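What follows is protein.cif (mmCIF, C-alpha atoms).
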data_my_file
loop_
_atom_site.label_atom_id
_atom_site.label_comp_id
_atom_site.auth_asym_id
_atom_site.auth_seq_id
_atom_site.Cartn_x
_atom_site.Cartn_y
_atom_site.Cartn_z
CA MET A 1 47.02 7.42 -15.56
CA LYS A 2 44.04 9.70 -15.67
CA TYR A 3 41.38 10.26 -13.06
CA ILE A 4 38.31 10.44 -15.24
CA LYS A 5 37.76 9.12 -18.71
CA LYS A 6 34.73 9.21 -20.93
CA TRP A 7 33.81 5.60 -20.25
CA ASP A 8 33.58 6.25 -16.52
CA LEU A 9 30.55 8.43 -17.04
CA ILE A 10 29.08 6.05 -19.60
CA PHE A 11 29.33 3.17 -17.14
CA ALA A 12 27.79 5.26 -14.36
CA CYS A 13 24.84 6.06 -16.61
CA LEU A 14 24.50 2.39 -17.52
CA VAL A 15 24.31 1.45 -13.84
CA CYS A 16 21.65 4.08 -13.19
CA PHE A 17 19.72 2.84 -16.17
CA ALA A 18 19.91 -0.77 -15.00
CA ALA A 19 18.66 0.21 -11.55
CA PHE A 20 15.83 2.14 -13.17
CA LEU A 21 14.86 -0.87 -15.29
CA ILE A 22 14.74 -3.14 -12.27
CA ILE A 23 12.51 -0.70 -10.41
CA LEU A 24 10.19 -0.56 -13.42
CA TYR A 25 10.09 -4.33 -13.63
CA LYS A 26 9.21 -4.63 -9.96
CA ARG A 27 6.32 -2.22 -10.30
CA THR A 28 4.68 -3.75 -13.33
CA ALA A 29 5.18 -7.46 -12.73
CA VAL A 30 2.48 -9.15 -10.73
CA SER A 31 4.51 -11.18 -8.32
CA ASP A 32 3.52 -14.70 -7.47
CA GLY A 33 3.73 -16.05 -4.00
CA LEU A 34 0.89 -13.81 -2.95
CA GLY A 35 -1.70 -15.19 -0.62
CA VAL A 36 -5.37 -14.46 -0.06
CA VAL A 37 -6.14 -14.12 3.63
CA ILE A 38 -9.70 -14.13 4.87
CA TYR A 39 -10.54 -12.68 8.25
CA SER A 40 -13.92 -13.15 9.88
CA ASP A 41 -14.78 -11.16 13.01
CA ASN A 42 -11.12 -10.03 13.17
CA GLU A 43 -9.95 -13.60 13.40
CA LEU A 44 -7.99 -15.51 10.78
CA TYR A 45 -10.47 -17.62 8.87
CA GLY A 46 -8.31 -19.02 6.09
CA ARG A 47 -5.18 -18.48 4.04
CA TYR A 48 -5.00 -19.46 0.38
CA SER A 49 -2.64 -18.95 -2.49
CA LEU A 50 -3.62 -16.50 -5.19
CA ASN A 51 -2.76 -19.18 -7.70
CA ASP A 52 -5.37 -21.60 -6.38
CA ASN A 53 -8.78 -21.92 -7.96
CA VAL A 54 -11.04 -22.34 -4.97
CA THR A 55 -14.39 -21.28 -3.68
CA VAL A 56 -14.44 -20.58 0.03
CA ASN A 57 -17.66 -20.39 2.00
CA VAL A 58 -17.33 -18.13 5.01
CA CYS A 59 -19.75 -19.26 7.68
CA HIS A 60 -21.07 -17.71 10.83
CA GLY A 61 -22.42 -20.53 12.91
CA ASP A 62 -23.99 -22.85 10.38
CA LYS A 63 -25.05 -20.17 7.96
CA ILE A 64 -22.98 -19.38 4.92
CA THR A 65 -22.70 -15.60 4.93
CA ASN A 66 -20.14 -14.89 2.18
CA THR A 67 -18.65 -16.86 -0.66
CA VAL A 68 -15.10 -15.94 -1.69
CA CYS A 69 -13.90 -17.05 -5.12
CA ILE A 70 -10.25 -17.25 -6.10
CA GLU A 71 -9.68 -17.88 -9.77
CA ASN A 72 -7.34 -16.76 -12.54
CA GLY A 73 -5.11 -15.02 -10.00
CA ARG A 74 -7.88 -12.76 -8.72
CA ALA A 75 -10.10 -12.90 -5.66
CA TYR A 76 -13.60 -11.58 -5.17
CA ILE A 77 -16.74 -12.14 -3.17
CA SER A 78 -19.33 -13.85 -5.33
CA GLU A 79 -22.25 -14.19 -2.97
CA ALA A 80 -23.29 -12.68 0.30
CA ASP A 81 -26.36 -12.51 2.49
CA CYS A 82 -25.80 -8.96 3.68
CA PRO A 83 -28.45 -6.33 2.89
CA ASP A 84 -26.22 -3.90 0.94
CA LEU A 85 -24.22 -6.36 -1.24
CA LEU A 86 -21.44 -3.80 -1.57
CA CYS A 87 -18.89 -6.54 -1.19
CA THR A 88 -20.10 -8.47 -4.22
CA GLY A 89 -20.11 -5.33 -6.29
CA GLN A 90 -16.42 -4.67 -5.59
CA GLN A 91 -13.81 -5.28 -8.28
CA SER A 92 -11.70 -8.40 -7.90
CA ILE A 93 -8.34 -7.90 -6.24
CA CYS A 94 -4.95 -9.29 -7.13
CA ARG A 95 -2.18 -7.01 -5.81
CA GLU A 96 -0.61 -6.97 -2.42
CA GLY A 97 -2.47 -4.85 0.07
CA GLU A 98 -5.75 -4.73 -1.81
CA THR A 99 -8.85 -5.63 0.16
CA ILE A 100 -12.51 -6.44 -0.18
CA CYS A 101 -14.67 -6.29 2.90
CA CYS A 102 -18.18 -7.06 3.94
CA LEU A 103 -18.89 -4.82 6.87
CA PRO A 104 -22.25 -6.20 8.01
CA ASN A 105 -20.77 -9.70 8.24
CA ARG A 106 -17.37 -8.43 9.36
CA VAL A 107 -15.57 -10.34 6.68
CA LEU A 108 -12.28 -9.09 5.23
CA VAL A 109 -10.38 -10.48 2.24
CA VAL A 110 -6.76 -9.25 1.93
CA ILE A 111 -3.89 -9.97 -0.42
CA GLU A 112 -0.73 -10.51 1.57
CA SER A 113 2.71 -11.55 0.49
CA SER A 114 4.37 -14.65 1.82
CA ASP A 115 6.85 -14.41 4.65
CA LEU A 116 10.09 -14.77 2.70
CA ASP A 117 11.29 -11.22 3.21
CA ARG A 118 11.94 -11.36 6.89
CA TYR A 119 15.54 -11.16 8.10
CA ASP A 120 17.12 -13.96 10.06
CA ALA A 121 20.39 -12.14 10.71
CA ILE A 122 22.13 -9.00 9.63
CA THR A 123 25.80 -9.08 8.71
CA LYS A 124 28.14 -6.15 8.47
CA MET B 1 65.77 -10.02 -3.78
CA GLN B 2 65.57 -6.66 -2.16
CA SER B 3 62.54 -5.75 -4.19
CA ARG B 4 60.82 -8.91 -2.95
CA ASN B 5 61.36 -7.86 0.63
CA ARG B 6 60.09 -4.42 -0.18
CA LYS B 7 57.02 -5.90 -1.79
CA THR B 8 56.31 -8.05 1.24
CA ALA B 9 56.69 -5.07 3.52
CA TYR B 10 54.35 -2.98 1.42
CA ILE B 11 51.77 -5.74 1.28
CA GLY B 12 51.85 -5.83 5.07
CA LEU B 13 51.48 -2.07 5.27
CA PHE B 14 48.59 -1.92 2.87
CA THR B 15 46.84 -4.81 4.55
CA ALA B 16 47.11 -3.06 7.89
CA CYS B 17 45.68 0.07 6.33
CA GLY B 18 42.85 -1.95 4.85
CA ILE B 19 41.95 -3.41 8.22
CA LEU B 20 42.07 0.06 9.75
CA PHE B 21 39.81 1.54 7.10
CA GLY B 22 37.37 -1.30 7.62
CA TYR B 23 37.35 -0.65 11.34
CA ILE B 24 36.76 3.07 10.85
CA GLU B 25 33.83 2.22 8.64
CA PHE B 26 32.52 -0.13 11.30
CA LEU B 27 32.63 2.72 13.82
CA LEU B 28 30.67 5.11 11.60
CA PRO B 29 27.55 3.33 10.41
CA LEU B 30 25.58 4.95 7.64
CA PRO B 31 22.09 6.17 8.59
CA ILE B 32 20.56 4.40 5.60
CA GLY B 33 18.74 1.33 6.79
CA ILE B 34 19.23 -0.88 3.76
CA PRO B 35 21.44 -3.85 4.61
CA GLY B 36 24.66 -3.90 2.67
CA VAL B 37 24.94 -0.19 2.03
CA LYS B 38 28.38 0.97 3.03
CA ILE B 39 31.03 3.38 1.84
CA GLY B 40 33.60 0.69 1.22
CA LEU B 41 36.57 2.66 2.48
CA SER B 42 38.74 -0.43 2.33
CA ASN B 43 38.36 -0.41 -1.42
CA ILE B 44 40.65 2.60 -1.40
CA VAL B 45 43.38 0.24 -0.24
CA THR B 46 42.53 -2.48 -2.74
CA LEU B 47 42.47 -0.01 -5.59
CA SER B 48 45.64 1.76 -4.54
CA SER B 49 47.52 -1.51 -4.19
CA LEU B 50 46.25 -2.54 -7.61
CA PHE B 51 47.94 0.49 -9.15
CA LEU B 52 50.98 0.73 -6.93
CA LEU B 53 51.84 -2.87 -6.11
CA GLY B 54 50.52 -4.79 -9.05
CA PRO B 55 47.65 -7.27 -9.43
CA GLY B 56 49.15 -10.21 -7.55
CA ALA B 57 50.01 -8.20 -4.47
CA ALA B 58 46.66 -6.44 -4.59
CA PHE B 59 44.90 -9.79 -4.51
CA ILE B 60 46.86 -10.84 -1.45
CA VAL B 61 46.10 -7.53 0.26
CA MET B 62 42.40 -7.90 -0.45
CA LEU B 63 42.26 -11.50 0.73
CA LEU B 64 44.26 -10.88 3.90
CA ARG B 65 42.33 -7.78 4.77
CA ILE B 66 38.94 -9.51 4.50
CA VAL B 67 39.93 -12.64 6.38
CA LEU B 68 41.79 -10.84 9.16
CA SER B 69 39.23 -8.15 9.82
CA GLY B 70 36.51 -10.77 9.55
CA LEU B 71 38.19 -12.92 12.18
CA MET B 72 38.66 -9.94 14.45
CA PHE B 73 35.32 -8.23 14.12
CA GLY B 74 32.90 -10.45 12.31
CA ASN B 75 31.31 -13.86 12.03
CA PHE B 76 31.53 -16.60 9.45
CA PHE B 77 28.74 -15.30 7.25
CA GLY B 78 30.22 -11.82 7.37
CA ILE B 79 33.47 -13.18 5.99
CA LEU B 80 31.60 -15.13 3.34
CA TYR B 81 29.73 -12.09 2.08
CA SER B 82 32.77 -9.84 2.25
CA LEU B 83 34.82 -12.40 0.34
CA ALA B 84 32.14 -12.63 -2.33
CA GLY B 85 32.03 -8.89 -2.66
CA GLY B 86 35.77 -8.44 -2.48
CA ILE B 87 36.60 -11.10 -5.05
CA ALA B 88 33.91 -9.87 -7.40
CA ALA B 89 35.18 -6.33 -7.02
CA TYR B 90 38.81 -7.37 -7.51
CA ILE B 91 38.21 -9.38 -10.67
CA THR B 92 36.05 -6.70 -12.27
CA MET B 93 38.48 -3.96 -11.31
CA LEU B 94 41.38 -5.93 -12.75
CA VAL B 95 39.49 -6.44 -16.01
CA ALA B 96 38.48 -2.78 -16.09
CA LYS B 97 42.07 -1.70 -15.56
CA ARG B 98 43.35 -4.02 -18.29
CA LEU B 99 40.71 -2.75 -20.72
CA GLY B 100 42.27 0.66 -20.49
CA ILE B 101 39.11 2.60 -21.21
CA PHE B 102 38.39 3.54 -17.61
CA GLY B 103 40.06 6.10 -15.41
CA VAL B 104 40.64 5.53 -11.70
CA LEU B 105 37.15 6.84 -10.97
CA GLY B 106 35.58 4.40 -13.40
CA ILE B 107 37.49 1.42 -12.09
CA SER B 108 36.42 2.32 -8.57
CA ILE B 109 32.79 2.59 -9.63
CA VAL B 110 33.04 -0.80 -11.29
CA GLY B 111 34.50 -2.18 -8.07
CA GLY B 112 31.83 -0.64 -5.87
CA VAL B 113 28.94 -1.78 -8.03
CA PHE B 114 30.17 -5.33 -8.46
CA HIS B 115 31.10 -5.63 -4.82
CA ASN B 116 27.44 -5.16 -4.00
CA ILE B 117 26.28 -7.46 -6.79
CA GLY B 118 28.63 -10.17 -5.59
CA GLN B 119 27.36 -9.87 -2.03
CA LEU B 120 23.75 -9.96 -3.16
CA VAL B 121 24.29 -13.08 -5.27
CA VAL B 122 25.88 -14.96 -2.37
CA ALA B 123 23.15 -13.80 -0.03
CA ALA B 124 20.50 -15.02 -2.44
CA VAL B 125 22.21 -18.41 -2.61
CA VAL B 126 22.49 -18.64 1.17
CA VAL B 127 18.85 -17.84 1.87
CA THR B 128 17.76 -19.57 -1.35
CA SER B 129 15.42 -16.81 -2.31
CA MET B 130 15.31 -14.79 -5.50
CA LYS B 131 13.27 -12.14 -3.76
CA LEU B 132 16.52 -10.45 -2.77
CA ILE B 133 16.70 -8.97 -6.24
CA PHE B 134 14.32 -6.49 -4.65
CA TYR B 135 17.45 -4.82 -3.17
CA LEU B 136 19.40 -4.60 -6.38
CA PRO B 137 18.48 -1.04 -7.49
CA ALA B 138 19.39 0.49 -4.13
CA LEU B 139 22.62 -1.51 -3.97
CA LEU B 140 23.54 -0.56 -7.53
CA ILE B 141 23.10 3.13 -6.87
CA SER B 142 24.84 3.07 -3.50
CA GLY B 143 27.67 1.05 -5.05
CA LEU B 144 27.93 3.69 -7.74
CA ILE B 145 28.08 6.59 -5.31
CA ALA B 146 30.40 4.86 -2.87
CA GLY B 147 32.61 3.80 -5.75
CA ALA B 148 32.80 7.36 -6.99
CA ALA B 149 33.77 8.71 -3.57
CA VAL B 150 36.34 5.96 -3.08
CA GLY B 151 37.64 6.57 -6.57
CA ILE B 152 38.31 10.22 -5.98
CA ALA B 153 40.17 9.48 -2.75
CA SER B 154 42.11 6.64 -4.39
CA GLY B 155 43.12 8.84 -7.28
CA ILE B 156 44.63 11.39 -4.97
CA ILE B 157 46.39 8.74 -2.91
CA ILE B 158 47.79 6.92 -5.94
CA ASN B 159 49.01 10.19 -7.36
CA ARG B 160 50.82 11.12 -4.16
CA LEU B 161 52.29 7.72 -3.44
CA GLN B 162 53.42 6.99 -6.97
CA ARG B 163 56.76 8.60 -6.40
CA PHE B 164 57.61 6.40 -3.44
CA VAL B 165 55.97 3.08 -4.18
CA ARG B 166 56.73 1.93 -7.67
CA LEU B 167 56.58 -1.81 -7.65
CA ASN B 168 54.15 -2.19 -10.49
#
Structure translated into structure tokens:
Amino acid sequence: MKYIKKWDLIFACLVCFAAFLIILYKRTAVSDGLGVVIYSDNELYGRYSLNDNVTVNVCHGDKITNTVCIENGRAYISEADCPDLLCTGQQSICREGETICCLPNRVLVVIESSDLDRYDAITK
Amino acid sequence: MQSRNRKTAYIGLFTACGILFGYIEFLLPLPIGIPGVKIGLSNIVTLSSLFLLGPGAAFIVMLLRIVLSGLMFGNFFGILYSLAGGIAAYITMLVAKRLGIFGVLGISIVGGVFHNIGQLVVAAVVVTSMKLIFYLPALLISGLIAGAAVGIASGIIINRLQRFVRLN
């Protein structure tokens, strides 16, 4: 009985290749289960799914300051009453961690993932 | 009849070794923070018993080792995951050995990789989340490396013990 045969190395390469494929797949696939979180004045204003098609009006007092649109799996600010309108000019966001912010109105729109990856217990 | 007694004695010996190896591994945790990454020293025992004692005895050794060390050191879910990994590793190693195209190193790699896959599948079922596939690349590679290390050690051990333990 031999220690190493040709197929050992072939199998090892196959495993590496499979791992590589999975890493590639993770990077390119847009995962669902992402949420759009809107913060206003550093406080949580609302949490929506990226899959929804909604229009959210962010208000300060009784004035609508920003309008956030979520459609086709992307989120963006469609209207704002701030003087620079940089937020409306921003590209729509869809991946985890991306943000759009309106600094004058202190509004922040973030893509966050849902909470499924937290551990409940660790086994040995 | 005498060979049956010998077989029983050897199964006991190998099981004890398996528990010991598992305990040693428990004492020396790996610095890598990914859950489920381990060297799998006890696979040396499973693999060696597969070659030296035959498939039936090896299965008993594997089963006993997991249950006993789980009862002594672990909790229910630990036993569940270890069983999943151990059974997956055993079946794939047995198939790999029967195929005849793998050397000891290859069979060990197969065992290491599928041990981790088996554990991950059970974990995904338990927490009912497919997001765990996230861990698969790291577990595949660590299973590969651990399997290789275990395979080298097993090869040496099998080679040395072959003269004394020939109940295959």
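Counting all atoms listed in the file and comparing A:Leu85, A:Ala75, A:Leu9, A:Ile64, the residue that lies closest to Val37 of chain A is A:Ala75.
Note that the spacing between atom CA of Gln162 of chain B and atom CA of Asp8 of chain A amounts to 22.0 Å.
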Explicit residues for the PyMOL selection byres ((chain B) within 10 of (chain A)) (as a ChimeraX atom specification): /B:26,29,35-38,51,70,73-82,100-110,113,127-141,143-145,147-148,151-152,154-156,158-159
Residues in the PyMOL selection byres ((chain A and resi 90-106) around 6), expressed as number ranges by chain: A: 40-41, 74-76, 87-89, 107-112
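Put simply, atom CA of Ser48 of chain B is 24.8 Å away from atom CA of Leu14 of chain A.
We find atom CA of Met93 of chain B and atom CA of Leu47 of chain B to be spaced 8.0 Å apart.
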Distance query 10 Å from (-27.8, -15.2, 5.6) using all atoms listed in the file, result as number ranges by chain: A: 59-60, 62-66, 80-83, 105
Selection result of the PyMOL selection byres ((chain B and resi 22) around 12) on this file, as a PyMOL selection string: (chain A and resi 124) or (chain B and resi 15-21+23-29+38-46+62+65-70+72-74+82)
Option closest in space to Leu44 of chain A, from A:Val58, A:Leu86, A:Leu24, A:Val68 [counting all atoms listed in the file]: A:Val58
Using all atoms listed in the file: which of B:Leu30, B:Ala84, B:Leu94, B:Tyr10 has the shortest distance to Val61 of chain B: B:Tyr10
